[in-house]
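What follows is model-v3.csv (CSV, C-alpha atoms).
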chain,number,residue,atom,x,y,z
A,1,MET,CA,-7.4,-21.6,5.2
A,2,GLU,CA,-6.7,-20.1,1.8
A,3,HIS,CA,-9.2,-17.4,2.6
A,4,GLN,CA,-7.1,-16.3,5.6
A,5,THR,CA,-3.8,-16.3,3.7
A,6,PHE,CA,-5.0,-13.8,1.2
A,7,GLY,CA,-6.9,-11.7,3.6
A,8,GLY,CA,-10.3,-10.0,3.0
A,9,GLU,CA,-8.8,-7.2,0.9
A,10,VAL,CA,-8.2,-9.5,-2.0
A,11,THR,CA,-11.2,-11.8,-2.1
A,12,MET,CA,-13.7,-9.1,-1.4
A,13,PRO,CA,-14.1,-5.5,-2.5
A,14,HIS,CA,-12.4,-3.1,-0.1
A,15,GLU,CA,-15.6,-1.9,1.2
A,16,ALA,CA,-17.9,-4.3,3.1
A,17,PRO,CA,-19.9,-6.6,0.7
A,18,GLY,CA,-23.5,-5.7,0.1
A,19,ASP,CA,-22.9,-2.0,0.2
A,20,ASP,CA,-23.3,0.4,-2.7
A,21,SER,CA,-20.8,-1.2,-5.1
A,22,LYS,CA,-23.6,-2.5,-7.3
A,23,LYS,CA,-25.1,1.0,-7.4
A,24,ARG,CA,-21.6,2.3,-8.4
A,25,ILE,CA,-21.5,-0.2,-11.3
A,26,TRP,CA,-24.8,1.0,-12.7
A,27,ARG,CA,-23.9,4.7,-12.2
A,28,THR,CA,-20.7,4.1,-14.1
A,29,THR,CA,-22.7,2.3,-16.9
A,30,TRP,CA,-24.9,5.4,-17.3
A,31,ILE,CA,-21.9,7.7,-17.3
A,32,LEU,CA,-20.1,5.7,-20.0
A,33,SER,CA,-23.3,5.4,-22.1
A,34,GLY,CA,-23.9,9.1,-21.7
A,35,ILE,CA,-20.4,10.1,-22.7
A,36,THR,CA,-20.6,7.8,-25.8
A,37,ILE,CA,-23.9,9.4,-26.9
A,38,LEU,CA,-22.4,12.8,-26.4
A,39,GLU,CA,-19.4,11.7,-28.6
A,40,LEU,CA,-21.7,10.4,-31.3
A,41,GLY,CA,-23.6,13.7,-31.1
A,42,ILE,CA,-20.4,15.6,-31.8
A,43,GLY,CA,-19.6,13.1,-34.5
A,44,TYR,CA,-22.9,13.9,-36.3
A,45,LEU,CA,-22.4,17.6,-35.7
A,46,LEU,CA,-19.1,17.5,-37.5
A,47,TYR,CA,-20.6,15.4,-40.2
A,48,LEU,CA,-23.6,17.6,-40.9
A,49,THR,CA,-22.0,21.0,-40.6
A,50,ASN,CA,-19.0,22.7,-42.2
A,51,PHE,CA,-17.1,24.3,-39.4
A,52,SER,CA,-13.9,26.3,-39.8
A,53,GLU,CA,-10.8,24.3,-39.3
A,54,GLY,CA,-10.2,25.8,-35.8
A,55,LEU,CA,-13.7,24.9,-34.6
A,56,ASP,CA,-13.4,21.5,-36.1
A,57,LEU,CA,-10.2,20.8,-34.2
A,58,ALA,CA,-11.8,22.1,-31.0
A,59,PHE,CA,-14.6,19.7,-31.3
A,60,LYS,CA,-12.2,16.8,-32.1
A,61,GLY,CA,-10.2,17.8,-29.0
A,62,ALA,CA,-13.4,17.7,-26.9
A,63,VAL,CA,-14.1,14.2,-28.2
A,64,ILE,CA,-10.6,13.1,-27.2
A,65,ILE,CA,-11.0,14.5,-23.7
A,66,LEU,CA,-14.4,12.7,-23.4
A,67,SER,CA,-12.7,9.4,-24.4
A,68,LEU,CA,-10.0,9.9,-21.8
A,69,ALA,CA,-12.8,10.4,-19.2
A,70,LYS,CA,-14.3,7.1,-20.4
A,71,ALA,CA,-10.9,5.4,-20.0
A,72,PHE,CA,-10.7,6.8,-16.5
A,73,TYR,CA,-14.1,5.4,-15.5
A,74,ILE,CA,-13.3,2.0,-17.0
A,75,VAL,CA,-10.0,1.6,-15.3
A,76,SER,CA,-10.9,3.2,-12.0
A,77,ILE,CA,-14.4,1.6,-11.4
A,78,PHE,CA,-14.8,-1.4,-13.7
A,79,MET,CA,-11.2,-2.6,-13.3
A,80,HIS,CA,-11.3,-1.5,-9.6
A,81,LEU,CA,-7.9,0.2,-9.8
A,82,GLY,CA,-9.3,3.0,-7.8
A,83,ASP,CA,-9.9,0.5,-4.9
A,84,GLU,CA,-6.3,-0.8,-4.9
A,85,ILE,CA,-3.6,0.7,-2.7
A,86,ARG,CA,-1.6,3.6,-3.9
A,87,ASN,CA,1.6,1.6,-4.6
A,88,LEU,CA,-0.3,-0.6,-7.1
A,89,ILE,CA,-1.9,2.4,-8.8
A,90,MET,CA,1.4,4.2,-9.2
A,91,THR,CA,3.3,1.1,-10.6
A,92,ILE,CA,0.7,1.0,-13.4
A,93,VAL,CA,0.0,4.7,-14.0
A,94,VAL,CA,3.5,6.2,-13.8
A,95,PRO,CA,5.0,4.2,-16.7
A,96,LEU,CA,2.0,5.3,-18.8
A,97,VAL,CA,3.3,8.9,-18.6
A,98,LEU,CA,5.7,7.8,-21.4
A,99,PHE,CA,2.7,8.2,-23.7
A,100,VAL,CA,2.9,12.0,-23.2
A,101,TRP,CA,6.3,12.1,-24.9
A,102,PHE,CA,5.4,9.3,-27.3
A,103,ILE,CA,2.3,11.2,-28.7
A,104,ILE,CA,3.9,14.6,-28.9
A,105,ALA,CA,7.1,13.4,-30.5
A,106,PHE,CA,5.6,11.2,-33.1
A,107,LEU,CA,2.6,13.4,-34.1
A,108,ALA,CA,5.0,16.4,-34.4
A,109,ASP,CA,7.2,14.2,-36.6
A,110,GLY,CA,4.2,13.4,-38.8
A,111,VAL,CA,3.4,17.1,-39.2
A,112,SER,CA,7.0,18.0,-40.0
A,113,TRP,CA,7.2,15.2,-42.6
A,114,LYS,CA,4.1,16.6,-44.3
A,115,ASN,CA,5.6,20.2,-44.3
A,116,LEU,CA,8.9,19.0,-45.7
A,117,ARG,CA,7.2,17.2,-48.5
A,118,ASN,CA,5.0,20.3,-49.2
A,119,GLU,CA,7.8,22.8,-49.3
A,120,TYR,CA,10.6,20.8,-50.9
A,121,ASN,CA,10.4,19.4,-54.4
A,122,PRO,CA,13.8,18.0,-55.1
A,123,LYS,CA,13.2,16.4,-58.5
A,124,GLU,CA,12.3,19.7,-60.3
A,125,GLN,CA,15.0,21.7,-58.6
A,126,ILE,CA,17.7,19.2,-59.7
A,127,LYS,CA,16.3,19.3,-63.2
A,128,GLN,CA,16.4,23.1,-63.3
A,129,GLU,CA,19.9,23.1,-61.8
A,130,GLN,CA,21.1,20.7,-64.5
A,131,GLU,CA,19.6,22.8,-67.3
A,132,HIS,CA,21.3,25.9,-66.0
A,133,THR,CA,24.6,24.4,-65.1
A,134,ALA,CA,25.0,21.7,-67.7
A,135,PRO,CA,26.5,24.0,-70.5
A,136,ALA,CA,28.9,25.6,-68.0
A,137,LYS,CA,30.1,22.2,-66.8
A,138,GLU,CA,30.7,21.0,-70.3
A,139,GLY,CA,32.6,24.1,-70.9
A,140,GLY,CA,34.6,23.5,-67.8
A,141,LEU,CA,35.5,20.0,-68.7
A,142,LYS,CA,37.0,20.9,-72.0
B,1,MET,CA,-8.4,-7.9,7.7
B,2,ALA,CA,-8.5,-4.4,9.0
B,3,GLN,CA,-4.9,-3.6,7.9
B,4,ALA,CA,-6.0,-3.0,4.3
B,5,ALA,CA,-7.7,0.2,5.3
B,6,ALA,CA,-5.0,1.6,7.5
B,7,VAL,CA,-3.4,4.6,5.9
B,8,ASN,CA,-0.1,4.5,7.9
B,9,THR,CA,0.8,0.9,7.0
B,10,LYS,CA,4.4,0.8,5.9
B,11,TRP,CA,4.1,-1.2,2.7
B,12,TRP,CA,7.7,-1.0,1.8
B,13,SER,CA,9.1,-1.9,5.3
B,14,GLY,CA,9.4,-5.6,4.3
B,15,GLY,CA,7.7,-8.8,5.3
B,16,LYS,CA,4.5,-8.0,3.2
B,17,SER,CA,3.5,-7.6,-0.4
B,18,PRO,CA,3.8,-3.8,-1.1
B,19,PHE,CA,1.1,-4.1,-3.7
B,20,ASN,CA,-1.3,-6.1,-1.5
B,21,VAL,CA,-2.6,-8.2,-4.4
B,22,GLU,CA,-2.2,-11.8,-5.4
B,23,TYR,CA,0.6,-12.6,-7.9
B,24,GLY,CA,-1.6,-13.4,-10.9
B,25,LYS,CA,-3.6,-10.2,-10.6
B,26,LEU,CA,-0.4,-8.1,-10.4
B,27,MET,CA,1.0,-9.8,-13.4
B,28,MET,CA,-2.2,-9.3,-15.3
B,29,TRP,CA,-1.9,-5.6,-14.6
B,30,TYR,CA,1.7,-5.6,-15.9
B,31,PHE,CA,0.7,-7.5,-19.0
B,32,LEU,CA,-2.1,-5.0,-19.6
B,33,MET,CA,0.3,-2.1,-19.2
B,34,SER,CA,2.6,-3.7,-21.8
B,35,ASP,CA,-0.3,-4.4,-24.1
B,36,ALA,CA,-1.4,-0.7,-23.7
B,37,PHE,CA,2.0,0.2,-25.1
B,38,THR,CA,1.6,-2.2,-28.0
B,39,PHE,CA,-1.8,-0.7,-28.9
B,40,GLY,CA,-0.5,2.7,-28.2
B,41,ALA,CA,2.4,2.2,-30.7
B,42,PHE,CA,-0.1,1.0,-33.3
B,43,LEU,CA,-2.4,4.0,-32.8
B,44,ILE,CA,0.4,6.5,-32.7
B,45,SER,CA,2.0,5.2,-35.8
B,46,TYR,CA,-1.4,5.5,-37.4
B,47,GLY,CA,-1.6,9.1,-36.1
B,48,THR,CA,1.8,9.9,-37.4
B,49,VAL,CA,1.1,8.6,-40.9
B,50,ARG,CA,-2.2,10.4,-41.0
B,51,MET,CA,-0.7,13.6,-39.8
B,52,SER,CA,2.0,13.3,-42.6
B,53,SER,CA,-0.7,12.9,-45.3
B,54,ILE,CA,-2.1,15.9,-47.1
B,55,SER,CA,-5.5,14.3,-47.1
B,56,TRP,CA,-7.1,11.2,-45.7
B,57,PRO,CA,-10.4,9.2,-46.4
B,58,ASP,CA,-13.4,10.5,-44.5
B,59,PRO,CA,-14.6,7.9,-42.1
B,60,ASN,CA,-18.2,9.1,-42.4
B,61,LYS,CA,-18.0,8.1,-46.1
B,62,VAL,CA,-16.2,4.8,-45.6
B,63,PHE,CA,-18.2,3.4,-42.6
B,64,ASN,CA,-21.7,4.3,-43.6
B,65,SER,CA,-23.4,0.9,-44.0
B,66,PHE,CA,-25.6,-1.2,-41.8
B,67,PRO,CA,-26.4,-4.9,-42.3
B,68,LEU,CA,-29.6,-5.4,-44.5
B,69,ALA,CA,-29.9,-1.6,-45.0
B,70,GLY,CA,-28.8,-1.8,-48.6
B,71,HIS,CA,-27.1,1.4,-49.8
B,72,ALA,CA,-28.7,3.7,-47.2
B,73,ASN,CA,-26.2,6.3,-46.0
B,74,LEU,CA,-25.9,5.6,-42.2
B,75,PRO,CA,-22.6,7.0,-40.9
B,76,LEU,CA,-21.6,6.0,-37.4
B,77,VAL,CA,-24.7,3.8,-36.8
B,78,PHE,CA,-23.1,0.4,-37.0
B,79,VAL,CA,-20.0,1.3,-35.0
B,80,SER,CA,-22.3,2.8,-32.3
B,81,LEU,CA,-24.0,-0.6,-32.1
B,82,MET,CA,-20.6,-2.3,-31.8
B,83,THR,CA,-19.5,0.2,-29.1
B,84,PHE,CA,-22.7,-0.3,-27.0
B,85,ILE,CA,-22.3,-4.1,-27.3
B,86,LEU,CA,-18.8,-3.8,-25.8
B,87,ILE,CA,-20.0,-1.5,-23.0
B,88,VAL,CA,-22.8,-3.8,-22.1
B,89,SER,CA,-20.5,-6.9,-22.1
B,90,SER,CA,-18.2,-4.9,-19.9
B,91,VAL,CA,-21.0,-4.3,-17.4
B,92,THR,CA,-22.0,-7.9,-17.4
B,93,MET,CA,-18.4,-8.8,-16.7
B,94,VAL,CA,-18.2,-6.4,-13.8
B,95,LEU,CA,-21.4,-7.9,-12.4
B,96,ALA,CA,-19.9,-11.4,-12.7
B,97,VAL,CA,-16.8,-10.1,-10.7
B,98,HIS,CA,-19.3,-8.6,-8.2
B,99,GLU,CA,-21.1,-12.0,-7.7
B,100,GLY,CA,-17.7,-13.6,-7.3
B,101,HIS,CA,-16.9,-11.3,-4.4
B,102,HIS,CA,-20.0,-12.7,-2.7
B,103,GLY,CA,-19.1,-16.3,-3.6
B,104,ASN,CA,-22.3,-16.7,-5.6
B,105,ARG,CA,-21.5,-19.4,-8.1
B,106,LYS,CA,-24.8,-19.2,-10.1
B,107,GLY,CA,-24.5,-15.5,-10.4
B,108,VAL,CA,-21.0,-15.7,-11.7
B,109,VAL,CA,-22.0,-18.3,-14.3
B,110,LYS,CA,-25.1,-16.3,-15.4
B,111,TRP,CA,-23.2,-13.0,-15.9
B,112,MET,CA,-20.2,-14.7,-17.6
B,113,ILE,CA,-22.6,-16.3,-20.1
B,114,TRP,CA,-24.0,-12.9,-20.9
B,115,THR,CA,-20.4,-11.6,-21.3
B,116,ILE,CA,-19.6,-14.4,-23.7
B,117,ILE,CA,-22.7,-13.6,-25.8
B,118,GLY,CA,-21.7,-10.0,-25.9
B,119,GLY,CA,-18.2,-11.0,-27.1
B,120,PHE,CA,-19.6,-13.2,-29.9
B,121,ALA,CA,-22.0,-10.4,-30.9
B,122,PHE,CA,-19.1,-8.0,-31.2
B,123,LEU,CA,-17.0,-10.5,-33.2
B,124,GLY,CA,-20.0,-11.1,-35.5
B,125,CYS,CA,-20.3,-7.3,-36.1
B,126,GLN,CA,-16.7,-7.0,-36.9
B,127,ALA,CA,-16.8,-10.0,-39.2
B,128,TRP,CA,-19.7,-8.4,-41.0
B,129,GLU,CA,-17.8,-5.0,-41.3
B,130,TRP,CA,-14.6,-6.7,-42.6
B,131,HIS,CA,-16.6,-8.7,-45.1
B,132,HIS,CA,-18.4,-5.6,-46.3
B,133,LEU,CA,-15.2,-3.6,-46.7
B,134,HIS,CA,-13.6,-6.5,-48.4
B,135,ASP,CA,-16.5,-6.6,-50.9
B,136,GLN,CA,-15.9,-2.9,-51.6
B,137,GLY,CA,-12.4,-3.7,-52.5
B,138,ALA,CA,-10.6,-2.8,-49.3
B,139,TRP,CA,-7.9,-5.1,-47.9
B,140,TRP,CA,-4.3,-4.9,-46.8
B,141,GLY,CA,-2.6,-3.1,-49.6
B,142,ARG,CA,-5.8,-2.1,-51.4
B,143,ASN,CA,-7.9,1.0,-50.6
B,144,PRO,CA,-10.8,1.9,-52.9
B,145,PHE,CA,-11.8,5.0,-50.8
B,146,ALA,CA,-10.8,8.5,-52.0
B,147,ASN,CA,-9.3,11.1,-49.8
B,148,ALA,CA,-11.6,13.7,-48.2
B,149,ASP,CA,-10.3,16.3,-50.7
B,150,GLY,CA,-11.2,14.1,-53.7
B,151,THR,CA,-7.6,12.9,-54.5
B,152,VAL,CA,-6.7,9.2,-54.8
B,153,ALA,CA,-5.6,7.8,-51.5
B,154,GLY,CA,-2.8,5.3,-50.9
B,155,SER,CA,-3.3,2.0,-49.1
B,156,ASN,CA,-2.3,3.4,-45.6
B,157,PHE,CA,-5.8,3.9,-44.5
B,158,ALA,CA,-6.8,0.3,-45.2
B,159,ASN,CA,-3.6,-1.1,-43.8
B,160,PHE,CA,-3.9,0.6,-40.5
B,161,PHE,CA,-7.6,-0.1,-40.2
B,162,PHE,CA,-7.3,-3.8,-40.8
B,163,THR,CA,-4.2,-4.2,-38.7
B,164,ILE,CA,-5.5,-2.3,-35.7
B,165,THR,CA,-9.1,-3.6,-35.7
B,166,GLY,CA,-7.7,-7.0,-36.5
B,167,PHE,CA,-5.3,-6.9,-33.5
B,168,HIS,CA,-8.2,-5.7,-31.3
B,169,GLY,CA,-10.5,-8.4,-32.7
B,170,PHE,CA,-7.9,-11.0,-32.0
B,171,HIS,CA,-7.9,-9.8,-28.3
B,172,VAL,CA,-11.6,-10.0,-28.2
B,173,PHE,CA,-11.5,-13.5,-29.6
B,174,SER,CA,-8.9,-14.7,-27.1
B,175,GLY,CA,-11.0,-13.0,-24.3
B,176,VAL,CA,-14.1,-15.0,-25.4
B,177,VAL,CA,-12.1,-18.3,-25.4
B,178,ILE,CA,-10.7,-17.6,-21.9
B,179,ASN,CA,-14.2,-16.5,-20.7
B,180,ILE,CA,-15.6,-19.8,-21.9
B,181,ILE,CA,-12.9,-21.7,-20.1
B,182,VAL,CA,-13.3,-19.9,-16.7
B,183,THR,CA,-17.1,-20.1,-17.0
B,184,ILE,CA,-16.9,-23.8,-17.3
B,185,MET,CA,-14.5,-23.9,-14.4
B,186,ALA,CA,-16.9,-21.7,-12.3
B,187,TRP,CA,-19.9,-23.8,-13.3
B,188,ARG,CA,-18.1,-27.0,-12.2
B,189,GLY,CA,-17.3,-25.4,-8.8
B,190,VAL,CA,-13.5,-25.2,-9.2
B,191,PHE,CA,-13.4,-21.6,-7.7
B,192,GLU,CA,-15.9,-22.5,-5.0
B,193,ARG,CA,-13.6,-25.2,-3.8
B,194,ARG,CA,-10.7,-22.8,-4.1
B,195,GLY,CA,-12.5,-20.4,-1.8
B,196,HIS,CA,-12.3,-17.4,-4.0
B,197,TYR,CA,-13.2,-16.1,-7.5
B,198,LEU,CA,-9.9,-14.3,-8.2
B,199,MET,CA,-9.7,-16.0,-11.7
B,200,ILE,CA,-12.9,-14.1,-12.7
B,201,GLU,CA,-11.3,-10.9,-11.5
B,202,LYS,CA,-8.2,-11.5,-13.6
B,203,ILE,CA,-10.1,-12.3,-16.8
B,204,GLY,CA,-12.3,-9.4,-15.9
B,205,LEU,CA,-9.3,-7.1,-16.0
B,206,TYR,CA,-8.4,-8.4,-19.5
B,207,TRP,CA,-12.0,-8.0,-20.8
B,208,HIS,CA,-12.3,-4.4,-19.5
B,209,PHE,CA,-8.9,-3.6,-21.1
B,210,VAL,CA,-10.3,-4.8,-24.5
B,211,ASP,CA,-13.2,-2.5,-24.0
B,212,LEU,CA,-10.8,0.3,-23.1
B,213,VAL,CA,-8.8,-0.2,-26.3
B,214,TRP,CA,-12.0,-0.1,-28.3
B,215,VAL,CA,-12.7,3.4,-26.8
B,216,PHE,CA,-9.6,4.6,-28.6
B,217,VAL,CA,-10.1,2.6,-31.8
B,218,PHE,CA,-13.6,4.0,-32.0
B,219,LEU,CA,-12.3,7.5,-31.3
B,220,PHE,CA,-9.4,7.6,-33.8
B,221,PHE,CA,-10.9,5.5,-36.7
B,222,TYR,CA,-14.5,6.5,-36.7
B,223,LEU,CA,-15.0,9.8,-34.8
B,224,VAL,CA,-12.1,12.1,-35.6
Please go through the file and, once you have read it, give me the structure as structure tokens.
Amino acid sequence: MEHQTFGGEVTMPHEAPGDDSKKRIWRTTWILSGITILELGIGYLLYLTNFSEGLDLAFKGAVIILSLAKAFYIVSIFMHLGDEIRNLIMTIVVPLVLFVWFIIAFLADGVSWKNLRNEYNPKEQIKQEQEHTAPAKEGGLK
Amino acid sequence: MAQAAAVNTKWWSGGKSPFNVEYGKLMMWYFLMSDAFTFGAFLISYGTVRMSSISWPDPNKVFNSFPLAGHANLPLVFVSLMTFILIVSSVTMVLAVHEGHHGNRKGVVKWMIWTIIGGFAFLGCQAWEWHHLHDQGAWWGRNPFANADGTVAGSNFANFFFTITGFHGFHVFSGVVINIIVTIMAWRGVFERRGHYLMIEKIGLYWHFVDLVWVFVFLFFYLV
């Protein structure tokens, strides 16, 4: 009864049971493990060598892209989102686009915060101004 | 049954679920989406503060120990173990879901038990790591590790590390508890009588999400 209400697409994978879905699980496992080993390799490379800042950032960017690939495989294969219909995929993925703004805006804010603190040193400047202007002000008051 | 594969089905024409999934599963997806924003907010605030700092402690110098290895310098080794434990427990979970699709009660229980063992193993590793860092003097508000450039670091590093890994560990712990409950239910034949193992799929989604979050915790705290 209940089986019929839900329909086969919910209680079973979308492809017929007994097909290559188990093979797909194992293939994904090897892909995830392989990417993790590659990431660790880059981690050690960064630890053992002293790259220029640009090369260092390039490798870190590569690790971030590899992690995004891992996220894609986990969500699409292990969580079976890739097997759902387009409507469901879109209702989950489209709101996550907010992260694009979220990351750019906040990291840029962090960088700007650092630059402002590096370039601007208010305490000393005020002191200097006071030293220079104090006698004049006193004179002005009298 | 065949309608699921039809490309021209008008999902929004009314009279049917436009998402074609059961209520609980859809709500699990929405919960996970909101949880992704919570973790995202944590990680991005960590990134913002780290970007705004002139220097930051080097993870290879902070996380360089392994249980029973004494003072050997082993960067990345222990966290690799933790990462592989979570990947393996994710695989056993997806195999439990797979057995559920075939209505194989024994298979579901077997792979769920392996998933629970993986969860406990991960929590054990995290407990050890927290204990070790606490022994070294790190805790919320206390950070004994110097910046990479040799200057004294504030407590931001420790605060973010304990808050984010703690929040993730709390998710793992909740996941293990729910895994135990649904395993007992599966073992007692509750889902068999219900005619489907959708509950295993739903907790499976949660468990994979926890693994997904760890991908990024691992990336931003230990690798870059």
Neighbour list for range 42-58 of chain A as an MDAnalysis selection string, cut-off 12 Å, only C-alpha atoms, skip fewer than 6 positions in-chain:
(chainID A and resid 35:36 64:66) or (chainID B and resid 58:61 64 74:77 79:80 218:224)
Show which residues sit within 9 Å of Leu96 in chain A, as a list in words. Count only C-alpha atoms, and ignore same-chain residues fewer than 5 positions away.
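Once the adjacent positions are removed, what remains is Met33, Ala36 and Phe37 of chain B.
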Can you write out the residues you just picked, keeping C-alpha atoms, as a PDB file, keeping the file's coordinate frame?
ATOM      1  CA  MET B  33       0.300  -2.100 -19.200  1.00  0.00           C
ATOM      2  CA  ALA B  36      -1.400  -0.700 -23.700  1.00  0.00           C
ATOM      3  CA  PHE B  37       2.000   0.200 -25.100  1.00  0.00           C
TER       4      PHE B  37
END
Option closest in space to Gly40 in chain B, from A:Leu88, A:Val100, A:Val93, A:Met79 [counting all atoms listed in the file]
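Nearest to Gly40 in chain B: A:Val100.
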How would you write as an MDAnalysis selection string the residues that get within 6 Å of (-18.1, 2.9, -7.0) in the file's frame, counting all atoms listed in the file?
chainID A and resid 21 24 77
Can you tell me how far CA of Ser52 in chain B sits from CA of Ile164 in chain B, in Å to one decimal?
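Here the two named atoms are 18.6 Å from each other.
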Considering only C-alpha atoms, can you say which of B:His98, B:His171, B:Lys110, B:His132 comes closest to chain A?
B:His98
Counting only C-alpha atoms, which residue out of B:Phe120, B:Trp139, B:Tyr197, B:Phe78 sits closest to chain A?
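Once distances to chain A are computed over only C-alpha atoms, the minimum belongs to B:Tyr197.
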Between CA of Glu192 in chain B and CA of Ser17 in chain B, measure the distance and give it in Å to one decimal.
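CA of Glu192 in chain B sits 24.9 Å away from CA of Ser17 in chain B.
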When you look at Ile116 in chain B with a cut-off of 6 Å (counting only C-alpha atoms), what residues show up, excluding the ones that are within fewer than 3 positions of it in the same chain? I need them as a list in words.
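In the requested format, the answer is Ile113, Gly119 and Val176 of chain B.
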Can I get the selected residues back with C-alpha atoms, as a PDB file, keeping the file's coordinate frame?
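Okay, this is what ended up in out.pdb:
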ATOM      1  CA  ILE B 113     -22.600 -16.300 -20.100  1.00  0.00           C
ATOM      2  CA  GLY B 119     -18.200 -11.000 -27.100  1.00  0.00           C
ATOM      3  CA  VAL B 176     -14.100 -15.000 -25.400  1.00  0.00           C
TER       4      VAL B 176
END
Just the number, please: distance in Å from CA of Ile25 in chain A to CA of Gly61 in chain A, one decimal.
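It comes out at 27.7 Å.
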